[in-house]
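**Q** One structure follows; several queries about it will come next.
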Amino acid sequence: MLRYSLKRLLSLIVSLAVASVVIFAVIEVAPGDPASFMLGVNAQEDTLAALRAELGLDVPKVQRYFDWIGGLLVGDFGTSYTYRTPVAQMIADRMWVSLPLALYALALSTLIAFPAGIYAAARRGKPGDVAVMGATQLGVAVPNFWFAMMLVLIFAINLRWFGAGGFAGWDKGVWAGIHSLTLPAIALALPQAAILARVMRSALLDILGEDFMRTARAKGLTRRQALWRHGVRNALIPVLTILGLQFSFLLAGSIIIEQVFFLPGLGRLVFQAISSRDLIVVESVVMLLVFAVIMVNFLVDLAYALVDPRLRDRT
Amino acid sequence: MRRNLILGTALSSLVLLAALLSFVWTPYDHAALSIPDKLQTPGPEHWFGTDHFGRDMFSMIMVGARTSIAVALIAVGIGMGLGVPLGLTAAARKGSWLDEVIMRGNDLVFAFPSIIIAILITAVFGAGAVNAIIAIGIFNIPVFARVARGAALSLWEREFILAARVAGKGPARISAEHILPNIANLLIVQGTIQFSLGILAEAGLSYVGLGAQPPTPSWGRMLADAQTMVSFAPHLALIPGLAIIVTVLGLNLMGDGLRDWLDPRIRVARA
């Protein structure tokens with residue numbers, strides 16, 4: 001287990017290092033000088049130089065890269081070109097919207113997908129299975145931002161159960177916050193749940209054909225007992241992989257969904273930053289998101305080894 | 001499940017035909033503004049109604065299909081064109097440093113969802129349909145590399161490959177002449193799936209303004225325009241959304257059907 005973890009850790013560090021170089025390099029080739037963008041076309045040369053020095057743009061690229069990385073490691077993300085506030089603060093504020101939204105959606109999709117997948121597998125070929133599979137086929141094909149618009153149309157505009165957008169803020173109470181994230185979370189969760197339910201079903205069906213399932217039945221367990229004690233547990237491995245992979249889709253999806261609901265999350269931050277050419281914000285938010293994806297996949301790899309001891313020895 | 005294949009192919013062909021037809025004929029000029037006709041609901045005059053500028057929605061959907069299909073198709077081409085050779089190389093040199101580098105590189109690209117790639121490209125070069133193609137295409141590369149490598153690895157153990165090696169063929173020639181034709185089915189099925197994901201991704205990117213720019217009609221863009229008018233003109237949002245769903249559903253059903261049809265194991269099991 002230790003060797004496995006160390007090997008994974010090493011590949012995590014290499015991945016993060018390469019990803020950071022790629023992101024830095026891409027942003028570096030961006031045309032335009034932030035200083036002249038901030039000061040306008042009529043700026044004096046010495047004012048520009050002073051601002052470049054203030055922003056740390058006058059040092060060599062390699063050193064700037066290491067300054068950036070060193071800063072990230074201690075939580076200093078630099079200063080926004082347009083707002084002149086610390087990027088770390090801006091990200092932290094937005095994180096309080098994006099992270100709860102992603103977790104809320106993840107919880108919802110798991111809550112929907114697990115029972116649906118298990119139900120379908122247990123009733124393979126029967127009308128219940130066909131209905132669940134048909135629903136998931138449709139769920140996979142629906143774009144989540146369109147689904148979000150339909151939710152707004154029905155539940156916000158017609159029924160007035162929810163607001164059509166915006167975020168109440170956590171200082172108005174946890175309930176108000178959760179309430180304003182509910183429609184976005186449902187919109188994000190349903191397509192994910194459709195995929196997850198399909199994976200759960202096919203993983204369970206594979207397991208149900210195994211010898212040990214027959215043994216479990218032979219030793220006197222009922223279908224239901226065998227399914228829950230031996231089937232579901234073993235089916236968790238492929239499900240876990242997809243859950244990890246889905247996290248990146250969830251992040252990507254939430255960037256778009258935030259636009260539908262005008263939520264002040266990381267997605268909106270990054271789009272504002274693109275339009276105001278605040279590249280340091282773009283750079284840091286992108287790095288943070290990529291870090292999150294790589295980290296989740298690392299944790300999934302470790303979770304694998306916990307669920308399935310056979311994987312620990314394999315590298 | 002021949003039913004899936006037929007239904008899926010029918011739906012996909014419908015969309016493809018609409019896109020092709022739009023080059024020579026649309027009911028109205030998709031870009032022609034006609035303010036007096038604005039926001040008409042679907043009817044005999046305008047089958048899908050008109051938008052807030054009085055443009056014919058049916059014509060816009062037809063031309064929008066072109067954008068969606070072109071972006072997703074080229075993105076699949078990029079993914080296959082680069083991913084498959086990488087995967088075949090990795091499989092041919094299994095366990096070597098080259099295999100390791102290719103597969104770790106894949107993992108790395110996987111950490112960049114297509115919207116993140118699109119954000120990076122847009123931040124640097126500005127928005128456009130080409131960005132969407134590149135972003136989705138890059139995201140497709142590791143998908144095809146993994147599928148190709150996985151399938152090729154099991155083939156390399158087979159006797160007919162050994163025979164080819166004994167005959168003096170090198171790894172590159174074996175990959176091209178013996179491995180590739182044998183994994184083509186799998187790649188086609190994966191291609192269908194990535195094509196449908198590409199349609200969804202293109203819609204999402206153009207919805208947030210990272211994809212095709214006006215005046216190029218695209219389904220995602222139409223949905224973005226519809227958002228503020230959804231309360232009094234729901235058809236503006238409903239119709240492009242349904243177009244996306246029909247296309248993606250069709251491609252997915254076709255992919256499922258193709259897989260069942262092409263996979264000999266399932267055929268044998270059924271026989």
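Residues are named by chain letter and number: chains run A, B, ... in the order of the structure tokens, numbers start at 1 in each chain, and ligands are numbered from 1 in the order shown.
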Set the distance at 9 Å and use only C-alpha atoms: which residues neighbour B:Pro42 once local chain neighbours fewer than 5 positions away are removed? I'd like the list as a list in words.
**A**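 Close residues of B:Pro42: Trp47, Phe48, Gly49, Thr50, Met57 and His235 of chain B.
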**Q** Any chance you could tabulate, as a tab-separated table, the residues of chain A at most 7 Å from chain B with each one's nearest atom pair and distance in Å to one decimal, using only C-alpha atoms, in chain and rising number order?
**A**
residue	atom	partner	partner_atom	distance
A:Ser15	CA	B:Leu108	CA	6.1
A:Ile27	CA	B:Val124	CA	6.5
A:Ala30	CA	B:Val124	CA	4.4
A:Pro31	CA	B:Val124	CA	6.7
A:Leu138	CA	B:Leu249	CA	6.7
A:Ala141	CA	B:Ile245	CA	5.2
A:Val142	CA	B:Ile245	CA	5.5
A:Pro143	CA	B:Leu200	CA	6.2
A:Trp146	CA	B:Gly241	CA	6.1
A:Leu153	CA	B:Ser231	CA	6.4
A:Ile157	CA	B:Ser231	CA	6.7
A:Ser248	CA	B:Pro113	CA	6.4
A:Phe249	CA	B:Pro113	CA	7.0
A:Ala252	CA	B:Ile115	CA	6.0
A:Ile256	CA	B:Val208	CA	6.5
A:Ile274	CA	B:Ala123	CA	5.4
A:Val286	CA	B:Ile116	CA	6.7
A:Val290	CA	B:Ala111	CA	5.8
A:Val293	CA	B:Ala111	CA	5.7
A:Ile294	CA	B:Ala111	CA	5.9
**Q** Produce a file of the selected residues containing N, CA, C and O atoms, as a short mmCIF file (atom, residue, chain, number, x, y, z; two decimals), in the first residue's frame.
**A**
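Result written to out-v8.cif:
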data_model
loop_
_atom_site.label_atom_id
_atom_site.label_comp_id
_atom_site.auth_asym_id
_atom_site.auth_seq_id
_atom_site.Cartn_x
_atom_site.Cartn_y
_atom_site.Cartn_z
N SER A 15 2.51 15.52 -12.57
CA SER A 15 1.37 16.04 -13.33
C SER A 15 1.12 17.51 -13.01
O SER A 15 0.91 18.33 -13.91
N ILE A 27 -0.59 31.24 -21.21
CA ILE A 27 -0.95 32.61 -20.85
C ILE A 27 0.15 33.59 -21.27
O ILE A 27 -0.11 34.73 -21.68
N ALA A 30 -0.02 35.06 -24.71
CA ALA A 30 -1.14 35.94 -24.97
C ALA A 30 -0.62 37.29 -25.44
O ALA A 30 0.28 37.87 -24.84
N PRO A 31 -1.21 37.80 -26.55
CA PRO A 31 -0.75 39.10 -27.04
C PRO A 31 -1.23 40.19 -26.09
O PRO A 31 -2.21 40.03 -25.37
N LEU A 138 -32.22 9.40 -22.28
CA LEU A 138 -32.66 10.77 -22.51
C LEU A 138 -31.82 11.74 -21.67
O LEU A 138 -31.39 12.79 -22.14
N ALA A 141 -28.61 12.79 -23.09
CA ALA A 141 -28.68 13.62 -24.30
C ALA A 141 -29.08 15.06 -24.02
O ALA A 141 -28.96 15.91 -24.89
N VAL A 142 -29.55 15.34 -22.80
CA VAL A 142 -30.04 16.69 -22.50
C VAL A 142 -28.88 17.59 -22.08
O VAL A 142 -28.16 17.25 -21.15
N PRO A 143 -28.66 18.72 -22.77
CA PRO A 143 -27.60 19.64 -22.32
C PRO A 143 -28.00 20.25 -20.98
O PRO A 143 -29.14 20.69 -20.84
N TRP A 146 -29.47 23.80 -20.92
CA TRP A 146 -30.83 23.90 -21.46
C TRP A 146 -31.84 23.41 -20.42
O TRP A 146 -32.87 24.03 -20.19
N LEU A 153 -37.84 28.18 -16.16
CA LEU A 153 -39.15 28.47 -16.76
C LEU A 153 -40.28 27.89 -15.92
O LEU A 153 -41.27 28.55 -15.63
N ILE A 157 -40.26 30.87 -12.96
CA ILE A 157 -41.14 31.85 -13.59
C ILE A 157 -42.62 31.48 -13.41
O ILE A 157 -43.42 32.32 -13.03
N SER A 248 -14.58 16.19 -13.02
CA SER A 248 -14.12 17.21 -13.96
C SER A 248 -15.28 17.70 -14.84
O SER A 248 -15.36 18.88 -15.17
N PHE A 249 -16.21 16.79 -15.16
CA PHE A 249 -17.39 17.22 -15.92
C PHE A 249 -18.27 18.13 -15.07
O PHE A 249 -18.87 19.07 -15.56
N ALA A 252 -16.65 21.51 -15.04
CA ALA A 252 -16.87 22.15 -16.33
C ALA A 252 -18.33 22.57 -16.45
O ALA A 252 -18.64 23.70 -16.85
N ILE A 256 -20.61 26.54 -16.71
CA ILE A 256 -21.67 26.95 -17.63
C ILE A 256 -22.96 27.23 -16.87
O ILE A 256 -23.63 28.23 -17.12
N ILE A 274 -11.64 37.08 -18.42
CA ILE A 274 -11.29 36.98 -19.84
C ILE A 274 -11.66 38.28 -20.55
O ILE A 274 -10.87 38.84 -21.30
N VAL A 286 -7.72 28.75 -13.57
CA VAL A 286 -7.53 27.54 -14.38
C VAL A 286 -6.62 26.57 -13.65
O VAL A 286 -6.90 25.37 -13.56
N VAL A 290 -7.65 22.77 -12.54
CA VAL A 290 -6.88 21.61 -12.98
C VAL A 290 -6.30 20.87 -11.77
O VAL A 290 -6.32 19.64 -11.71
N VAL A 293 -9.01 18.71 -10.36
CA VAL A 293 -9.27 17.49 -11.12
C VAL A 293 -8.17 16.45 -10.86
O VAL A 293 -8.45 15.27 -10.60
N ILE A 294 -6.90 16.90 -10.93
CA ILE A 294 -5.79 15.97 -10.73
C ILE A 294 -5.85 15.38 -9.32
O ILE A 294 -5.64 14.19 -9.10
#
**Q** Quick check for you: according to DSSP on this backbone, which residues of stretch 78-229 of chain B are classed as helix (DSSP H, G or I)? Reply as a PyMOL selection string.
**A** chain B and resi 78-92+97-110+114-125+129-156+159-166+171-207+219-229
**Q** Export C-alpha atoms of the chosen residues as a compact mmCIF listing (two decimals), in the first residue's frame?
**A**
# COMPACT_ATOMS: atom_id res chain seq x y z
CA ILE B 78 -8.37 15.54 -34.48
CA GLY B 79 -8.90 13.13 -31.61
CA MET B 80 -8.70 10.06 -33.86
CA GLY B 81 -5.89 11.38 -36.05
CA LEU B 82 -3.60 12.07 -33.12
CA GLY B 83 -4.97 9.75 -30.44
CA VAL B 84 -5.04 6.48 -32.40
CA PRO B 85 -1.38 6.61 -33.57
CA LEU B 86 -0.34 7.51 -30.01
CA GLY B 87 -2.32 4.62 -28.57
CA LEU B 88 -0.99 2.17 -31.17
CA THR B 89 2.58 3.31 -30.51
CA ALA B 90 2.13 2.93 -26.78
CA ALA B 91 0.74 -0.58 -27.25
CA ALA B 92 3.52 -1.60 -29.66
CA TRP B 97 9.49 4.71 -21.43
CA LEU B 98 7.62 5.80 -24.56
CA ASP B 99 4.48 3.98 -23.42
CA GLU B 100 4.84 5.56 -19.99
CA VAL B 101 5.30 9.07 -21.40
CA ILE B 102 2.33 8.74 -23.77
CA MET B 103 0.01 7.39 -21.10
CA ARG B 104 1.04 9.93 -18.46
CA GLY B 105 0.63 12.65 -21.06
CA ASN B 106 -2.87 11.32 -21.65
CA ASP B 107 -3.68 11.49 -17.96
CA LEU B 108 -2.48 15.07 -17.96
CA VAL B 109 -4.63 16.14 -20.92
CA PHE B 110 -7.55 14.42 -19.20
CA SER B 114 -12.65 21.03 -22.85
CA ILE B 115 -14.16 24.15 -21.31
CA ILE B 116 -10.88 24.86 -19.50
CA ILE B 117 -8.93 24.45 -22.75
CA ALA B 118 -11.46 26.71 -24.47
CA ILE B 119 -11.08 29.30 -21.70
CA LEU B 120 -7.29 29.26 -22.07
CA ILE B 121 -7.39 29.53 -25.86
CA THR B 122 -10.02 32.27 -25.75
CA ALA B 123 -8.06 34.22 -23.14
CA VAL B 124 -5.11 34.24 -25.53
CA PHE B 125 -6.58 34.40 -29.04
CA ALA B 129 -15.63 28.39 -33.61
CA VAL B 130 -12.04 27.28 -34.28
CA ASN B 131 -11.33 27.47 -30.54
CA ALA B 132 -14.21 25.15 -29.85
CA ILE B 133 -12.87 22.69 -32.44
CA ILE B 134 -9.38 22.77 -30.94
CA ALA B 135 -10.64 22.53 -27.36
CA ILE B 136 -12.94 19.58 -28.02
CA GLY B 137 -10.37 17.99 -30.33
CA ILE B 138 -7.61 18.11 -27.71
CA PHE B 139 -9.98 16.61 -25.17
CA ASN B 140 -10.70 13.75 -27.61
CA ILE B 141 -7.04 12.78 -28.08
CA PRO B 142 -6.55 10.85 -24.82
CA VAL B 143 -9.93 9.17 -25.21
CA PHE B 144 -8.93 7.60 -28.54
CA ALA B 145 -5.39 6.91 -27.37
CA ARG B 146 -6.73 4.90 -24.43
CA VAL B 147 -9.25 2.95 -26.46
CA ALA B 148 -6.67 2.18 -29.17
CA ARG B 149 -4.00 1.14 -26.69
CA GLY B 150 -6.35 -1.02 -24.63
CA ALA B 151 -7.68 -2.87 -27.65
CA ALA B 152 -4.28 -3.17 -29.33
CA LEU B 153 -2.64 -4.63 -26.23
CA SER B 154 -4.82 -7.73 -26.26
CA LEU B 155 -4.23 -8.19 -30.00
CA TRP B 156 -0.46 -8.13 -29.56
CA GLU B 159 -0.83 -15.71 -32.70
CA PHE B 160 -1.46 -13.99 -36.01
CA ILE B 161 0.59 -11.04 -34.76
CA LEU B 162 3.36 -13.41 -33.78
CA ALA B 163 3.19 -14.83 -37.29
CA ALA B 164 3.53 -11.34 -38.75
CA ARG B 165 6.57 -10.72 -36.57
CA VAL B 166 8.13 -13.96 -37.65
CA PRO B 171 5.97 -2.86 -35.03
CA ALA B 172 4.86 0.12 -37.13
CA ARG B 173 3.81 -2.06 -40.06
CA ILE B 174 2.08 -4.59 -37.83
CA SER B 175 0.17 -1.78 -36.11
CA ALA B 176 -0.97 -0.34 -39.41
CA GLU B 177 -1.67 -3.56 -41.29
CA HIS B 178 -2.94 -5.93 -38.62
CA ILE B 179 -3.85 -4.08 -35.44
CA LEU B 180 -5.66 -1.07 -36.89
CA PRO B 181 -8.13 -3.01 -39.09
CA ASN B 182 -8.97 -5.20 -36.12
CA ILE B 183 -9.76 -2.34 -33.78
CA ALA B 184 -11.54 -0.22 -36.40
CA ASN B 185 -14.99 -1.31 -35.16
CA LEU B 186 -14.20 -0.19 -31.66
CA LEU B 187 -12.88 3.14 -32.91
CA ILE B 188 -16.00 3.75 -34.97
CA VAL B 189 -18.22 3.13 -31.95
CA GLN B 190 -16.07 5.44 -29.80
CA GLY B 191 -16.11 7.98 -32.61
CA THR B 192 -19.92 8.02 -32.56
CA ILE B 193 -19.91 8.58 -28.79
CA GLN B 194 -17.32 11.37 -29.01
CA PHE B 195 -19.28 12.91 -31.87
CA SER B 196 -22.37 13.16 -29.67
CA LEU B 197 -20.33 14.51 -26.74
CA GLY B 198 -18.82 17.01 -29.17
CA ILE B 199 -22.29 18.26 -30.17
CA LEU B 200 -23.10 18.80 -26.48
CA ALA B 201 -19.75 20.46 -25.78
CA GLU B 202 -20.04 22.76 -28.80
CA ALA B 203 -23.50 23.85 -27.66
CA GLY B 204 -22.19 24.56 -24.16
CA LEU B 205 -19.17 26.50 -25.41
CA SER B 206 -21.14 28.64 -27.82
CA TYR B 207 -23.77 29.20 -25.12
CA TRP B 219 -27.72 26.09 -31.36
CA GLY B 220 -25.85 27.11 -28.23
CA ARG B 221 -25.84 30.76 -29.29
CA MET B 222 -29.59 30.59 -30.02
CA LEU B 223 -30.16 29.30 -26.48
CA ALA B 224 -28.06 32.10 -25.02
CA ASP B 225 -30.13 34.66 -26.96
CA ALA B 226 -33.35 32.97 -25.83
CA GLN B 227 -32.51 33.09 -22.15
CA THR B 228 -33.87 36.54 -21.38
CA MET B 229 -37.02 35.90 -23.41
**Q** Within 10 Å of A:Ala105, counting only C-alpha atoms, which residues show up once you throw out same-chain ones fewer than 6 positions away? Write them as a list in words, please.
**A** Leu99, Leu111, Leu181, Thr182, Leu183, Pro184, Ala185, Ile186, Ala187, Leu188, Ala189, Leu190, Gln192, Ala193, Leu250 and Ser254 of chain A
**Q** At what distance in Å, to one decimal, does atom CA of B:Val71 lie from atom CA of B:Leu33?
**A** 26.0 Å
